[in-house]
$ cat my_file.txt   # compact mmCIF, C-alpha atoms (C1' of nucleotides)
# COMPACT_ATOMS: atom_id res chain seq x y z
CA MET A 1275 0.00 0.00 0.00
CA LYS A 1276 1.55 3.23 -1.21
CA ILE A 1277 0.11 6.49 0.12
CA ALA A 1278 1.38 9.96 -0.77
CA THR A 1279 0.60 13.58 0.10
CA TRP A 1280 1.41 16.71 -1.88
CA ASN A 1281 0.60 20.37 -1.37
CA VAL A 1282 0.49 21.44 -5.02
CA ASN A 1283 -0.15 25.21 -4.60
CA SER A 1284 -2.89 25.34 -7.29
CA ILE A 1285 -3.96 22.11 -8.96
CA ARG A 1286 -4.74 23.95 -12.19
CA LYS A 1287 -1.14 25.16 -12.43
CA ARG A 1288 0.28 21.79 -11.39
CA ALA A 1289 -2.03 19.28 -13.14
CA ALA A 1290 0.58 18.17 -15.68
CA GLN A 1291 3.21 17.67 -12.97
CA VAL A 1292 0.80 15.66 -10.84
CA GLN A 1293 -0.17 13.58 -13.87
CA ALA A 1294 3.48 12.80 -14.66
CA TRP A 1295 4.20 12.01 -11.01
CA LEU A 1296 1.28 9.59 -10.79
CA ALA A 1297 2.37 7.87 -14.00
CA ARG A 1298 5.86 7.39 -12.60
CA GLU A 1299 5.09 6.58 -8.95
CA SER A 1300 1.71 4.82 -9.17
CA PRO A 1301 0.65 5.42 -5.56
CA ASP A 1302 -2.56 3.73 -4.48
CA ILE A 1303 -3.66 7.01 -2.93
CA LEU A 1304 -2.49 10.61 -3.39
CA LEU A 1305 -3.76 13.30 -1.03
CA LEU A 1306 -3.64 16.83 -2.43
CA GLN A 1307 -3.70 20.19 -0.66
CA GLU A 1308 -3.96 23.86 -1.68
CA LEU A 1309 -6.04 23.20 -4.76
CA LYS A 1310 -6.98 26.91 -4.89
CA CYS A 1311 -10.13 26.17 -6.86
CA GLU A 1312 -13.69 25.01 -6.50
CA ALA A 1313 -14.52 21.37 -7.10
CA ARG A 1314 -16.05 22.06 -10.53
CA ASP A 1315 -12.71 23.50 -11.72
CA PHE A 1316 -10.62 20.52 -10.57
CA PRO A 1317 -9.06 18.82 -13.63
CA GLU A 1318 -10.20 15.32 -12.69
CA LEU A 1319 -10.11 14.00 -16.25
CA ASP A 1320 -6.33 14.50 -16.27
CA PHE A 1321 -6.13 11.76 -13.64
CA ALA A 1322 -9.04 9.52 -14.62
CA GLY A 1323 -7.07 8.36 -17.65
CA LEU A 1324 -4.44 6.97 -15.28
CA GLY A 1325 -7.11 5.09 -13.33
CA TYR A 1326 -7.52 7.57 -10.48
CA ARG A 1327 -10.89 8.57 -9.10
CA ALA A 1328 -11.04 12.02 -7.52
CA GLU A 1329 -13.03 13.33 -4.57
CA ILE A 1330 -12.68 17.05 -4.01
CA VAL A 1331 -13.39 19.53 -1.22
CA GLY A 1332 -12.84 22.79 -3.03
CA GLN A 1333 -12.98 26.50 -2.33
CA LYS A 1334 -12.49 29.55 -4.52
CA ALA A 1335 -8.90 30.90 -4.55
CA TYR A 1336 -7.77 29.43 -1.23
CA ASN A 1337 -7.27 26.08 0.49
CA GLY A 1338 -8.90 23.02 -1.10
CA VAL A 1339 -8.10 19.33 -0.55
CA ALA A 1340 -8.66 16.21 -2.62
CA VAL A 1341 -8.11 12.47 -2.76
CA LEU A 1342 -6.95 10.65 -5.88
CA ALA A 1343 -7.09 6.85 -5.58
CA ARG A 1344 -6.85 3.86 -7.87
CA ILE A 1345 -8.33 1.55 -5.22
CA PRO A 1346 -11.96 1.59 -4.05
CA PHE A 1347 -12.77 4.14 -1.34
CA THR A 1348 -15.64 5.88 0.41
CA VAL A 1349 -15.65 9.48 1.65
CA THR A 1350 -16.38 9.68 5.39
CA GLN A 1351 -15.80 13.39 6.14
CA ARG A 1352 -15.59 16.61 4.12
CA ALA A 1353 -14.69 18.80 7.10
CA LEU A 1354 -13.36 18.25 10.59
CA PRO A 1355 -16.22 17.44 12.97
CA GLY A 1356 -16.77 20.29 15.40
CA LEU A 1357 -15.62 23.12 13.14
CA ALA A 1358 -18.98 23.89 11.57
CA VAL A 1359 -19.88 26.05 14.54
CA ALA A 1360 -20.58 29.71 13.80
CA GLY A 1361 -17.51 31.89 14.23
CA ASP A 1362 -15.10 28.99 14.47
CA GLY A 1363 -13.08 27.96 11.46
CA VAL A 1364 -15.51 29.53 9.03
CA ASN A 1365 -14.78 31.92 6.21
CA GLY A 1366 -16.69 35.04 5.27
CA ASP A 1367 -19.37 33.08 3.46
CA GLY A 1368 -20.17 31.14 6.61
CA ALA A 1369 -18.91 27.91 5.03
CA VAL A 1370 -16.24 25.77 6.64
CA GLU A 1371 -12.88 26.23 4.95
CA ALA A 1372 -11.84 23.42 2.61
CA ARG A 1373 -9.09 21.88 4.74
CA TYR A 1374 -10.06 18.28 5.46
CA ILE A 1375 -11.20 15.21 3.55
CA GLU A 1376 -11.37 11.71 4.96
CA ILE A 1377 -11.92 8.35 3.34
CA THR A 1378 -12.04 4.68 4.17
CA ALA A 1379 -9.93 2.49 1.90
CA ALA A 1380 -8.17 -0.86 2.37
CA GLU A 1381 -9.63 -1.15 5.88
CA MET A 1382 -8.04 2.13 6.99
CA VAL A 1383 -9.34 5.62 7.68
CA ILE A 1384 -7.21 8.17 5.82
CA GLY A 1385 -7.49 11.88 6.57
CA GLY A 1386 -6.01 14.39 4.11
CA LEU A 1387 -5.48 17.74 5.79
CA TYR A 1388 -4.34 21.30 5.26
CA ALA A 1389 -3.89 23.08 8.58
CA PRO A 1390 -4.10 26.89 8.72
CA ASN A 1391 -0.74 28.63 8.42
CA GLY A 1392 -1.49 30.91 11.38
CA ASN A 1393 0.81 33.78 10.44
CA SER A 1394 -1.89 36.01 8.93
CA GLY A 1395 -4.70 37.71 10.77
CA GLY A 1396 -2.71 38.53 13.86
CA ALA A 1397 -3.50 36.88 17.17
CA ALA A 1398 -6.95 35.82 15.91
CA GLY A 1399 -5.37 34.06 12.94
CA PHE A 1400 -3.04 32.13 15.19
CA GLN A 1401 -5.89 31.19 17.52
CA LYS A 1402 -7.82 29.92 14.49
CA LYS A 1403 -4.89 27.64 13.66
CA LEU A 1404 -4.82 26.29 17.21
CA ARG A 1405 -8.58 25.68 17.27
CA TRP A 1406 -8.32 23.82 13.98
CA LEU A 1407 -5.53 21.63 15.35
CA ASP A 1408 -7.56 21.03 18.52
CA ALA A 1409 -10.45 19.81 16.37
CA LEU A 1410 -8.06 17.47 14.56
CA ILE A 1411 -6.80 16.12 17.89
CA THR A 1412 -10.34 15.59 19.18
CA HIS A 1413 -11.29 13.73 16.01
CA ALA A 1414 -8.14 11.61 16.03
CA ARG A 1415 -8.65 10.75 19.70
CA ALA A 1416 -12.15 9.42 18.95
CA LEU A 1417 -10.96 7.32 16.02
CA LEU A 1418 -8.03 5.90 17.99
CA ALA A 1419 -10.24 5.13 20.99
CA ALA A 1420 -12.12 2.77 18.66
CA ASP A 1421 -8.83 1.19 17.50
CA THR A 1422 -9.33 2.54 13.99
CA PRO A 1423 -6.33 2.01 11.71
CA LEU A 1424 -5.67 5.68 10.93
CA VAL A 1425 -3.49 7.70 8.57
CA LEU A 1426 -3.36 11.48 8.98
CA ALA A 1427 -1.39 13.07 6.18
CA GLY A 1428 -0.96 16.46 4.63
CA ASP A 1429 0.33 19.95 5.30
CA PHE A 1430 0.26 20.40 9.07
CA ASN A 1431 2.02 23.78 8.87
CA ILE A 1432 4.16 22.78 11.87
CA CYS A 1433 7.91 22.15 12.05
CA PRO A 1434 7.84 19.66 14.95
CA GLU A 1435 11.48 19.94 16.05
CA ASP A 1436 14.51 22.10 15.36
CA ASP A 1437 15.85 19.56 12.82
CA ASP A 1438 12.71 20.26 10.81
CA LEU A 1439 13.76 23.72 9.68
CA ALA A 1440 16.96 25.16 8.29
CA PRO A 1441 18.76 27.38 10.80
CA GLY A 1442 17.39 30.89 10.52
CA ALA A 1443 14.66 29.95 8.05
CA LEU A 1444 11.93 31.23 10.38
CA ALA A 1445 11.64 33.73 13.19
CA ALA A 1446 11.31 32.22 16.66
CA ASP A 1447 7.73 33.49 16.92
CA ASP A 1448 6.62 32.13 13.54
CA ALA A 1449 3.34 30.22 13.77
CA LEU A 1450 5.03 27.13 12.30
CA VAL A 1451 7.42 26.80 15.24
CA ARG A 1452 5.53 28.44 18.09
CA PRO A 1453 5.42 26.21 21.19
CA GLU A 1454 1.62 26.10 21.02
CA SER A 1455 1.78 24.63 17.49
CA ARG A 1456 4.49 22.14 18.34
CA ALA A 1457 2.62 21.06 21.48
CA ARG A 1458 -0.37 20.12 19.36
CA PHE A 1459 1.78 18.03 17.04
CA ARG A 1460 3.25 16.27 20.07
CA THR A 1461 -0.26 15.63 21.38
CA LEU A 1462 -1.02 13.68 18.20
CA LEU A 1463 2.12 11.60 18.84
CA TRP A 1464 1.12 11.04 22.47
CA LEU A 1465 -2.24 9.75 21.27
CA GLY A 1466 -0.25 6.96 19.66
CA MET A 1467 0.43 8.28 16.17
CA THR A 1468 3.86 7.69 14.62
CA ASP A 1469 5.60 10.34 12.49
CA ALA A 1470 6.50 8.09 9.53
CA LEU A 1471 9.43 10.11 8.21
CA ARG A 1472 11.02 10.43 11.66
CA ALA A 1473 10.40 6.76 12.47
CA LEU A 1474 12.84 5.86 9.70
CA THR A 1475 15.10 8.94 9.92
CA PRO A 1476 15.15 9.87 13.62
CA GLU A 1477 17.63 12.73 13.38
CA GLY A 1478 19.02 15.28 10.98
CA PRO A 1479 17.49 17.77 8.60
CA LEU A 1480 14.45 16.69 6.58
CA TYR A 1481 12.54 19.23 4.50
CA THR A 1482 9.36 19.05 2.43
CA PHE A 1483 9.00 22.76 1.58
CA TRP A 1484 11.33 25.42 0.25
CA ASP A 1485 10.22 29.04 -0.10
CA TYR A 1486 10.09 30.52 -3.61
CA GLN A 1487 12.03 33.53 -2.35
CA ALA A 1488 15.72 34.25 -1.99
CA GLY A 1489 16.97 31.01 -3.54
CA ALA A 1490 15.78 28.88 -0.65
CA PHE A 1491 15.87 25.58 -2.55
CA ALA A 1492 19.34 26.16 -4.00
CA ALA A 1493 20.57 26.92 -0.49
CA ASP A 1494 18.54 23.99 0.94
CA ARG A 1495 16.89 26.40 3.33
CA GLY A 1496 13.71 24.38 3.84
CA LEU A 1497 11.05 23.31 6.29
CA ARG A 1498 9.46 19.96 7.16
CA ILE A 1499 5.78 20.76 7.47
CA ASP A 1500 4.18 17.97 5.40
CA HIS A 1501 3.74 14.86 7.52
CA VAL A 1502 2.31 11.35 7.49
CA LEU A 1503 1.13 10.09 10.89
CA LEU A 1504 0.27 6.41 11.41
CA SER A 1505 -1.73 4.69 14.13
CA PRO A 1506 0.02 1.81 15.94
CA THR A 1507 -0.93 -1.16 13.77
CA LEU A 1508 -0.15 0.78 10.60
CA ALA A 1509 3.18 1.98 12.01
CA GLU A 1510 4.13 -1.67 12.45
CA ARG A 1511 3.60 -2.09 8.71
CA LEU A 1512 5.74 0.92 7.71
CA SER A 1513 8.47 -0.12 5.26
CA ALA A 1514 9.43 3.18 3.59
CA ALA A 1515 8.88 6.92 3.99
CA THR A 1516 10.36 9.24 1.40
CA ILE A 1517 10.50 12.88 0.34
CA ASP A 1518 10.65 13.48 -3.42
CA ARG A 1519 12.96 16.47 -3.61
CA THR A 1520 13.18 16.15 -7.38
CA ALA A 1521 9.70 17.66 -7.68
CA ARG A 1522 11.04 20.97 -6.33
CA ALA A 1523 13.52 21.21 -9.22
CA ALA A 1524 10.78 21.12 -11.87
CA GLU A 1525 9.83 24.06 -14.07
CA GLN A 1526 7.25 26.15 -12.16
CA PRO A 1527 7.17 23.80 -9.18
CA SER A 1528 4.99 23.83 -6.12
CA ASP A 1529 6.89 25.08 -3.10
CA HIS A 1530 6.09 21.70 -1.43
CA VAL A 1531 7.14 18.23 -2.63
CA PRO A 1532 5.43 14.82 -2.32
CA VAL A 1533 5.86 12.69 0.80
CA THR A 1534 5.22 8.96 0.33
CA VAL A 1535 4.86 6.01 2.68
CA ILE A 1536 4.76 2.32 1.87
CA LEU A 1537 2.92 -0.05 4.21
CA ARG A 1538 3.54 -3.77 3.97
C1' DA B 276 14.48 44.57 10.20
C1' DT B 277 12.54 44.00 5.54
C1' DG B 278 11.72 41.98 1.19
C1' DC B 279 12.87 38.54 -1.67
C1' DC B 280 8.47 34.77 -5.16
C1' DT B 281 3.96 32.70 -6.58
C1' DG B 282 -1.16 32.18 -7.34
C1' DC B 283 -5.59 34.18 -7.32
C1' DG B 284 -9.15 37.57 -7.96
C1' DG B 285 -10.15 40.90 -10.59
C1' DT B 286 -7.40 44.78 -11.76
C1' DT B 287 -2.48 46.98 -12.70
C1' DC B 288 -2.57 45.91 -6.44
C1' DG B 289 -3.82 43.32 -2.11
C1' DC B 290 -4.00 39.09 0.26
C1' DA B 291 -2.20 34.76 1.66
C1' DG B 292 1.18 31.68 1.72
C1' DA B 293 5.21 29.82 5.19

$ encode --input "my_file.txt" --output "structure tokens"
Amino acid sequence: MKIATWNVNSIRKRAAQVQAWLARESPDILLLQELKCEARDFPELDFAGLGYRAEIVGQKAYNGVAVLARIPFTVTQRALPGLAVAGDGVNGDGAVEARYIEITAAEMVIGGLYAPNGNSGGAAGFQKKLRWLDALITHARALLAADTPLVLAGDFNICPEDDDLAPGALAADDALVRPESRARFRTLLWLGMTDALRALTPEGPLYTFWDYQAGAFAADRGLRIDHVLLSPTLAERLSAATIDRTARAAEQPSDHVPVTVILR
DNA sequence: ATGCCTGCGGTTCGCAGA
């Protein structure tokens, strides 16, 4: 079972790159984030020809998540439970932001997520990020309490430890490294989830994102903010976890690259 | 300390990203 996640920073701009990547890598499931379009504008036919069915949670201009899979699956959530409350995690239209999609496939629950960045909107924007992460934790806790085999993958917008960002890449008070953000990532680990990349590479720099600005990729000044978390029985099946840095060297790349896990 | 790019919406700039 091969599962991947990729923040594509506009699926319309990146459709050809995603298509080529699917043809080469043939994952069973690819989770996508930052579609930056509504569901009706998602180029699903580009992927159907390769045998992938798409389910999309879209939004105009911002956010947006999707699942592409070549194995049978059923959608179980199109938003995090608990966030559809007025004034909490909602955009100006009163609709929940398009940041979570969840499926069942191969006797697993797989959540594809795009956490708020938390650097815009001042203190309120950061609090929104924390509330969103709290809702993710609450949902994960309920699934794990029922012994659900669970994968949570996507752009968490958190660098969990100091090895997960290049020295000086972020200010100490950046929302991606603030103690409150990191504490929530650790809470997911304490619930029993395993950070797949770190399970196989416990120490040293690992990056999944490089800023477009100031030659960050050439200088390898990156961040690890895209993660795959596995519940205990799935962690026991983990055989590989990889970051495809080559995607960042493409013409007009996303600023994020794919992260892939293989479960026996 | 700040801006550096990029994408989008809808205009020639602002917002968000991270």

$ interface_residues --input "my_file.txt" --of "chain B" --to "chain A" --cutoff "6 Å" --atoms "all atoms listed in the file" --output "ChimeraX atom specification"
/B:279-280,283

$ atom_distance --input "my_file.txt" --atom1 "CA of Gly1428 in chain A" --atom2 "CA of Phe1321 in chain A"
19.6 Å

$ residues_around --input "my_file.txt" --residues "Val1451 in chain A" --least-positions-apart "4" --cutoff "10 Å" --atoms "only C-alpha atoms (C1' of nucleotides)" --output "PyMOL selection string"
chain A and resi 1431-1436+1438-1439+1444-1447+1455-1457+1499

$ atom_distance --input "my_file.txt" --atom1 "CA of Gly1332 in chain A" --atom2 "CA of Asp1469 in chain A"
27.1 Å

$ atom_distance --input "my_file.txt" --atom1 "C1' of DA291 in chain B" --atom2 "CA of Ala1492 in chain A"
23.9 Å

$ residues_near_point --input "my_file.txt" --point "(-4.4, 19.7, 5.7)" --cutoff "6 Å" --atoms "all atoms listed in the file" --output "PyMOL selection string"
chain A and resi 1373-1374+1386-1389+1428-1430

$ residues_around --input "my_file.txt" --residues "Leu1465 in chain A" --least-positions-apart "4" --cutoff "10 Å" --atoms "only C-alpha atoms (C1' of nucleotides)" --output "JSON, numbers by chain"
{"A": [1411, 1414, 1415, 1418, 1419, 1460, 1461, 1505, 1506]}

$ decode --input "my_file.txt" --residues "chain B" --atoms "N, CA and C atoms (P, O5', C5', C4', C3', O3' and C1' of nucleotides)" --output "PDB file, in the first residue's frame"
ATOM      1  P    DA B 276      15.248  42.024  14.136  1.00  0.00           P
ATOM      2  O5'  DA B 276      14.898  43.287  13.226  1.00  0.00           O
ATOM      3  C5'  DA B 276      14.116  44.373  13.603  1.00  0.00           C
ATOM      4  C4'  DA B 276      13.633  45.039  12.347  1.00  0.00           C
ATOM      5  C3'  DA B 276      12.593  44.223  11.581  1.00  0.00           C
ATOM      6  O3'  DA B 276      11.620  45.108  11.047  1.00  0.00           O
ATOM      7  C1'  DA B 276      14.481  44.568  10.201  1.00  0.00           C
ATOM      8  P    DT B 277      10.287  44.489  10.369  1.00  0.00           P
ATOM      9  O5'  DT B 277      10.614  44.530   8.814  1.00  0.00           O
ATOM     10  C5'  DT B 277      10.979  45.766   8.195  1.00  0.00           C
ATOM     11  C4'  DT B 277      11.277  45.533   6.724  1.00  0.00           C
ATOM     12  C3'  DT B 277      10.301  44.578   6.024  1.00  0.00           C
ATOM     13  O3'  DT B 277       9.720  45.251   4.928  1.00  0.00           O
ATOM     14  C1'  DT B 277      12.537  43.995   5.545  1.00  0.00           C
ATOM     15  P    DG B 278       8.553  44.512   4.080  1.00  0.00           P
ATOM     16  O5'  DG B 278       9.312  44.009   2.775  1.00  0.00           O
ATOM     17  C5'  DG B 278      10.098  44.922   2.002  1.00  0.00           C
ATOM     18  C4'  DG B 278      10.840  44.152   0.948  1.00  0.00           C
ATOM     19  C3'  DG B 278       9.975  43.183   0.143  1.00  0.00           C
ATOM     20  O3'  DG B 278      10.353  43.266  -1.221  1.00  0.00           O
ATOM     21  C1'  DG B 278      11.717  41.980   1.194  1.00  0.00           C
ATOM     22  P    DC B 279       9.534  42.445  -2.291  1.00  0.00           P
ATOM     23  O5'  DC B 279      10.521  41.232  -2.620  1.00  0.00           O
ATOM     24  C5'  DC B 279      11.766  41.528  -3.242  1.00  0.00           C
ATOM     25  C4'  DC B 279      12.674  40.340  -3.123  1.00  0.00           C
ATOM     26  C3'  DC B 279      12.156  39.082  -3.850  1.00  0.00           C
ATOM     27  O3'  DC B 279      13.172  38.671  -4.721  1.00  0.00           O
ATOM     28  C1'  DC B 279      12.869  38.544  -1.669  1.00  0.00           C
ATOM     29  P    DC B 280      12.973  37.572  -5.817  1.00  0.00           P
ATOM     30  O5'  DC B 280      11.445  37.139  -5.679  1.00  0.00           O
ATOM     31  C5'  DC B 280      10.787  36.571  -6.755  1.00  0.00           C
ATOM     32  C4'  DC B 280      10.390  35.153  -6.454  1.00  0.00           C
ATOM     33  C3'  DC B 280       9.276  34.691  -7.389  1.00  0.00           C
ATOM     34  O3'  DC B 280       9.452  33.317  -7.665  1.00  0.00           O
ATOM     35  C1'  DC B 280       8.469  34.766  -5.157  1.00  0.00           C
ATOM     36  P    DT B 281       8.823  32.699  -8.992  1.00  0.00           P
ATOM     37  O5'  DT B 281       7.309  32.414  -8.568  1.00  0.00           O
ATOM     38  C5'  DT B 281       7.007  31.274  -7.788  1.00  0.00           C
ATOM     39  C4'  DT B 281       5.565  31.303  -7.410  1.00  0.00           C
ATOM     40  C3'  DT B 281       4.580  31.540  -8.567  1.00  0.00           C
ATOM     41  O3'  DT B 281       3.900  30.332  -8.786  1.00  0.00           O
ATOM     42  C1'  DT B 281       3.958  32.702  -6.577  1.00  0.00           C
ATOM     43  P    DG B 282       2.855  30.200  -9.974  1.00  0.00           P
ATOM     44  O5'  DG B 282       1.478  30.492  -9.241  1.00  0.00           O
ATOM     45  C5'  DG B 282       1.022  29.597  -8.256  1.00  0.00           C
ATOM     46  C4'  DG B 282      -0.350  30.036  -7.791  1.00  0.00           C
ATOM     47  C3'  DG B 282      -1.304  30.410  -8.918  1.00  0.00           C
ATOM     48  O3'  DG B 282      -2.516  29.715  -8.715  1.00  0.00           O
ATOM     49  C1'  DG B 282      -1.156  32.185  -7.337  1.00  0.00           C
ATOM     50  P    DC B 283      -3.728  29.875  -9.738  1.00  0.00           P
ATOM     51  O5'  DC B 283      -4.617  30.968  -9.005  1.00  0.00           O
ATOM     52  C5'  DC B 283      -5.074  30.705  -7.686  1.00  0.00           C
ATOM     53  C4'  DC B 283      -5.889  31.881  -7.195  1.00  0.00           C
ATOM     54  C3'  DC B 283      -6.900  32.391  -8.218  1.00  0.00           C
ATOM     55  O3'  DC B 283      -8.187  32.385  -7.635  1.00  0.00           O
ATOM     56  C1'  DC B 283      -5.592  34.180  -7.323  1.00  0.00           C
ATOM     57  P    DG B 284      -9.462  32.523  -8.515  1.00  0.00           P
ATOM     58  O5'  DG B 284      -9.851  34.039  -8.232  1.00  0.00           O
ATOM     59  C5'  DG B 284     -10.239  34.423  -6.920  1.00  0.00           C
ATOM     60  C4'  DG B 284     -10.370  35.916  -6.849  1.00  0.00           C
ATOM     61  C3'  DG B 284     -11.257  36.523  -7.948  1.00  0.00           C
ATOM     62  O3'  DG B 284     -12.144  37.470  -7.352  1.00  0.00           O
ATOM     63  C1'  DG B 284      -9.153  37.569  -7.964  1.00  0.00           C
ATOM     64  P    DG B 285     -13.291  38.078  -8.251  1.00  0.00           P
ATOM     65  O5'  DG B 285     -12.696  39.490  -8.734  1.00  0.00           O
ATOM     66  C5'  DG B 285     -12.114  40.386  -7.790  1.00  0.00           C
ATOM     67  C4'  DG B 285     -11.141  41.283  -8.519  1.00  0.00           C
ATOM     68  C3'  DG B 285     -11.801  42.187  -9.570  1.00  0.00           C
ATOM     69  O3'  DG B 285     -11.131  43.417  -9.591  1.00  0.00           O
ATOM     70  C1'  DG B 285     -10.148  40.898 -10.592  1.00  0.00           C
ATOM     71  P    DT B 286     -11.905  44.677  -9.758  1.00  0.00           P
ATOM     72  O5'  DT B 286     -10.782  45.663  -9.361  1.00  0.00           O
ATOM     73  C5'  DT B 286      -9.895  46.486  -9.900  1.00  0.00           C
ATOM     74  C4'  DT B 286      -8.500  45.971 -10.093  1.00  0.00           C
ATOM     75  C3'  DT B 286      -7.793  46.966 -11.011  1.00  0.00           C
ATOM     76  O3'  DT B 286      -6.607  47.299 -10.395  1.00  0.00           O
ATOM     77  C1'  DT B 286      -7.400  44.779 -11.758  1.00  0.00           C
ATOM     78  P    DT B 287      -6.410  48.739  -9.996  1.00  0.00           P
ATOM     79  O5'  DT B 287      -4.846  48.716 -10.247  1.00  0.00           O
ATOM     80  C5'  DT B 287      -4.117  47.673  -9.641  1.00  0.00           C
ATOM     81  C4'  DT B 287      -2.891  47.349 -10.452  1.00  0.00           C
ATOM     82  C3'  DT B 287      -2.160  48.567 -11.007  1.00  0.00           C
ATOM     83  O3'  DT B 287      -0.804  48.458 -10.685  1.00  0.00           O
ATOM     84  C1'  DT B 287      -2.479  46.982 -12.696  1.00  0.00           C
ATOM     85  P    DC B 288      -0.182  49.241  -9.524  1.00  0.00           P
ATOM     86  O5'  DC B 288      -0.750  48.563  -8.197  1.00  0.00           O
ATOM     87  C5'  DC B 288      -1.791  49.223  -7.487  1.00  0.00           C
ATOM     88  C4'  DC B 288      -2.444  48.223  -6.572  1.00  0.00           C
ATOM     89  C3'  DC B 288      -1.590  47.811  -5.383  1.00  0.00           C
ATOM     90  O3'  DC B 288      -2.282  48.129  -4.185  1.00  0.00           O
ATOM     91  C1'  DC B 288      -2.568  45.912  -6.442  1.00  0.00           C
ATOM     92  P    DG B 289      -1.591  47.785  -2.761  1.00  0.00           P
ATOM     93  O5'  DG B 289      -2.526  46.608  -2.239  1.00  0.00           O
ATOM     94  C5'  DG B 289      -3.947  46.765  -2.271  1.00  0.00           C
ATOM     95  C4'  DG B 289      -4.600  45.518  -1.718  1.00  0.00           C
ATOM     96  C3'  DG B 289      -3.962  45.000  -0.426  1.00  0.00           C
ATOM     97  O3'  DG B 289      -4.997  44.536   0.430  1.00  0.00           O
ATOM     98  C1'  DG B 289      -3.820  43.323  -2.108  1.00  0.00           C
ATOM     99  P    DC B 290      -4.622  44.050   1.920  1.00  0.00           P
ATOM    100  O5'  DC B 290      -4.712  42.468   1.791  1.00  0.00           O
ATOM    101  C5'  DC B 290      -5.923  41.867   1.337  1.00  0.00           C
ATOM    102  C4'  DC B 290      -5.694  40.392   1.145  1.00  0.00           C
ATOM    103  C3'  DC B 290      -4.996  39.719   2.334  1.00  0.00           C
ATOM    104  O3'  DC B 290      -5.825  38.675   2.775  1.00  0.00           O
ATOM    105  C1'  DC B 290      -3.995  39.092   0.259  1.00  0.00           C
ATOM    106  P    DA B 291      -5.581  37.945   4.189  1.00  0.00           P
ATOM    107  O5'  DA B 291      -4.786  36.630   3.801  1.00  0.00           O
ATOM    108  C5'  DA B 291      -5.404  35.688   2.941  1.00  0.00           C
ATOM    109  C4'  DA B 291      -4.349  34.705   2.477  1.00  0.00           C
ATOM    110  C3'  DA B 291      -3.479  34.149   3.602  1.00  0.00           C
ATOM    111  O3'  DA B 291      -3.760  32.775   3.722  1.00  0.00           O
ATOM    112  C1'  DA B 291      -2.202  34.759   1.660  1.00  0.00           C
ATOM    113  P    DG B 292      -3.047  31.877   4.811  1.00  0.00           P
ATOM    114  O5'  DG B 292      -1.800  31.312   3.997  1.00  0.00           O
ATOM    115  C5'  DG B 292      -2.027  30.594   2.792  1.00  0.00           C
ATOM    116  C4'  DG B 292      -0.714  30.443   2.066  1.00  0.00           C
ATOM    117  C3'  DG B 292       0.417  29.817   2.889  1.00  0.00           C
ATOM    118  O3'  DG B 292       0.929  28.724   2.188  1.00  0.00           O
ATOM    119  C1'  DG B 292       1.177  31.678   1.722  1.00  0.00           C
ATOM    120  P    DA B 293       1.214  27.296   3.025  1.00  0.00           P
ATOM    121  O5'  DA B 293       2.592  27.640   3.735  1.00  0.00           O
ATOM    122  C5'  DA B 293       3.785  27.463   3.007  1.00  0.00           C
ATOM    123  C4'  DA B 293       4.960  27.968   3.815  1.00  0.00           C
ATOM    124  C3'  DA B 293       5.000  27.508   5.263  1.00  0.00           C
ATOM    125  O3'  DA B 293       6.322  27.101   5.578  1.00  0.00           O
ATOM    126  C1'  DA B 293       5.207  29.824   5.193  1.00  0.00           C
TER     127       DA B 293
END
